[in-house]
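Worksheet: one structure, shown below.
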Amino acid sequence: MKLKVQISIALIIAAIGLGTTGYFKLQQDQIDSKTAQAKIVLQAKKRQLKNIADRQAAIKITNDPAVKANYNDEKNIKLLQNNANAFFKLLYNVNHDQTQTELDTRNKNLPRYATTSAISDTGLDTKSMKEIKQFNEVSTHIETTVSASPTTKSGIYSGIIDENSTQSSINIKGKHNQDDWYLFEYDSNKQKFTKFTLLGFNFTHDNG
């Protein structure tokens with residue numbers, strides 16, 4: 001009799017335990033579901049707030065001439081820097097192992113970033129592969145740094161570009177790490193450089 005009572009009690013406790021476990025699992029599932037829903041709502045609110053902020057910023061740019069000018073100036077300078085890097089990367093990557101076709105392709109891409117006269121100002125677009133191979137010339141672009149002054153009313157920027165590269169040829173023992181400094185003018189309406197003036201250069205010699 002006593003054994004039957006103990007078994008009954010054990011079964012009741014087990015049933016209560018299973019019921020409790022099921023209850024807490026149900027509660028946890030509900031909490032997880034509500035948390036997931038809350039996250040969805042939060043993300044939607046964040047997107048909504050961002051859209052409102054973007055619209056307000058756009059309205060402010062439209063209505064405030066000073067803000068609009070600063071916004072356009074920052075956008076133009078960023079594009080100027082990107083174009084400078086792309087232009088000088090093309091201009092300063094020359095290797096005696098290239099073909100004439102590769103050099104011609106490089107020269108055809110230069111006008112995307114600068115006018116014909118500006119390209120001519122650099123003096124680096126006139127060599128043929130025959131000349132480059134003759135002197136085993138290798139030029140490798142490393143970095144272009146731009147310092148630009150505020151634009152004029154006509155959208156012309158001016159400033160200085162520091163082009164860092166490595167140079168080697170049969171006339172150089174080892175190679176040079178070289179900085180070339182250019183004075184430039186850039187037309188933000190055409191999105192092109194219109195003038196370059198080589199101010200000077202400096203190099204450190206590497207015998208390696």
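Residue names in the structure tokens use chain letters A, B, ... in the order shown, residue numbers from 1 in each chain, and ligand numbers from 1 in the order shown.
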
Subject >> range 162-169 of chain A surroundings by only C-alpha atoms, 6 Å radius, close-in-sequence under 3 positions cut, as a PyMOL selection string >> reply: chain A and resi 135-145+172+175-181

Original post:
So what do you get for CA of Tyr182 in chain A versus CA of Leu80 in chain A, distance-wise?
Top reply: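 CA of Tyr182 in chain A sits 14.4 Å away from CA of Leu80 in chain A.
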
**OP:** Compile the contact shell of Gln81 in chain A as JSON, numbers by chain: residues with an atom at most 12 Å away, counting only C-alpha atoms, same-chain residues fewer than 5 positions apart removed.
**Re:** {"A": [74, 75, 76, 86, 87, 88, 113, 143, 144, 145, 146, 147, 148, 157, 159, 160, 161, 162, 186, 188, 191, 192, 193]}

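As for CA of Leu124 in chain A and CA of Leu91 in chain A, they are spaced 6.9 Å apart.
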
**OP:** Enumerate as a PyMOL selection string all residues of range 114-202 of chain A assigned to strand (DSSP E or B) by DSSP on the backbone, naming them with the chain letters and numbers the document uses.
**Re:** chain A and resi 114+138-148+156-168+175-187+192-202
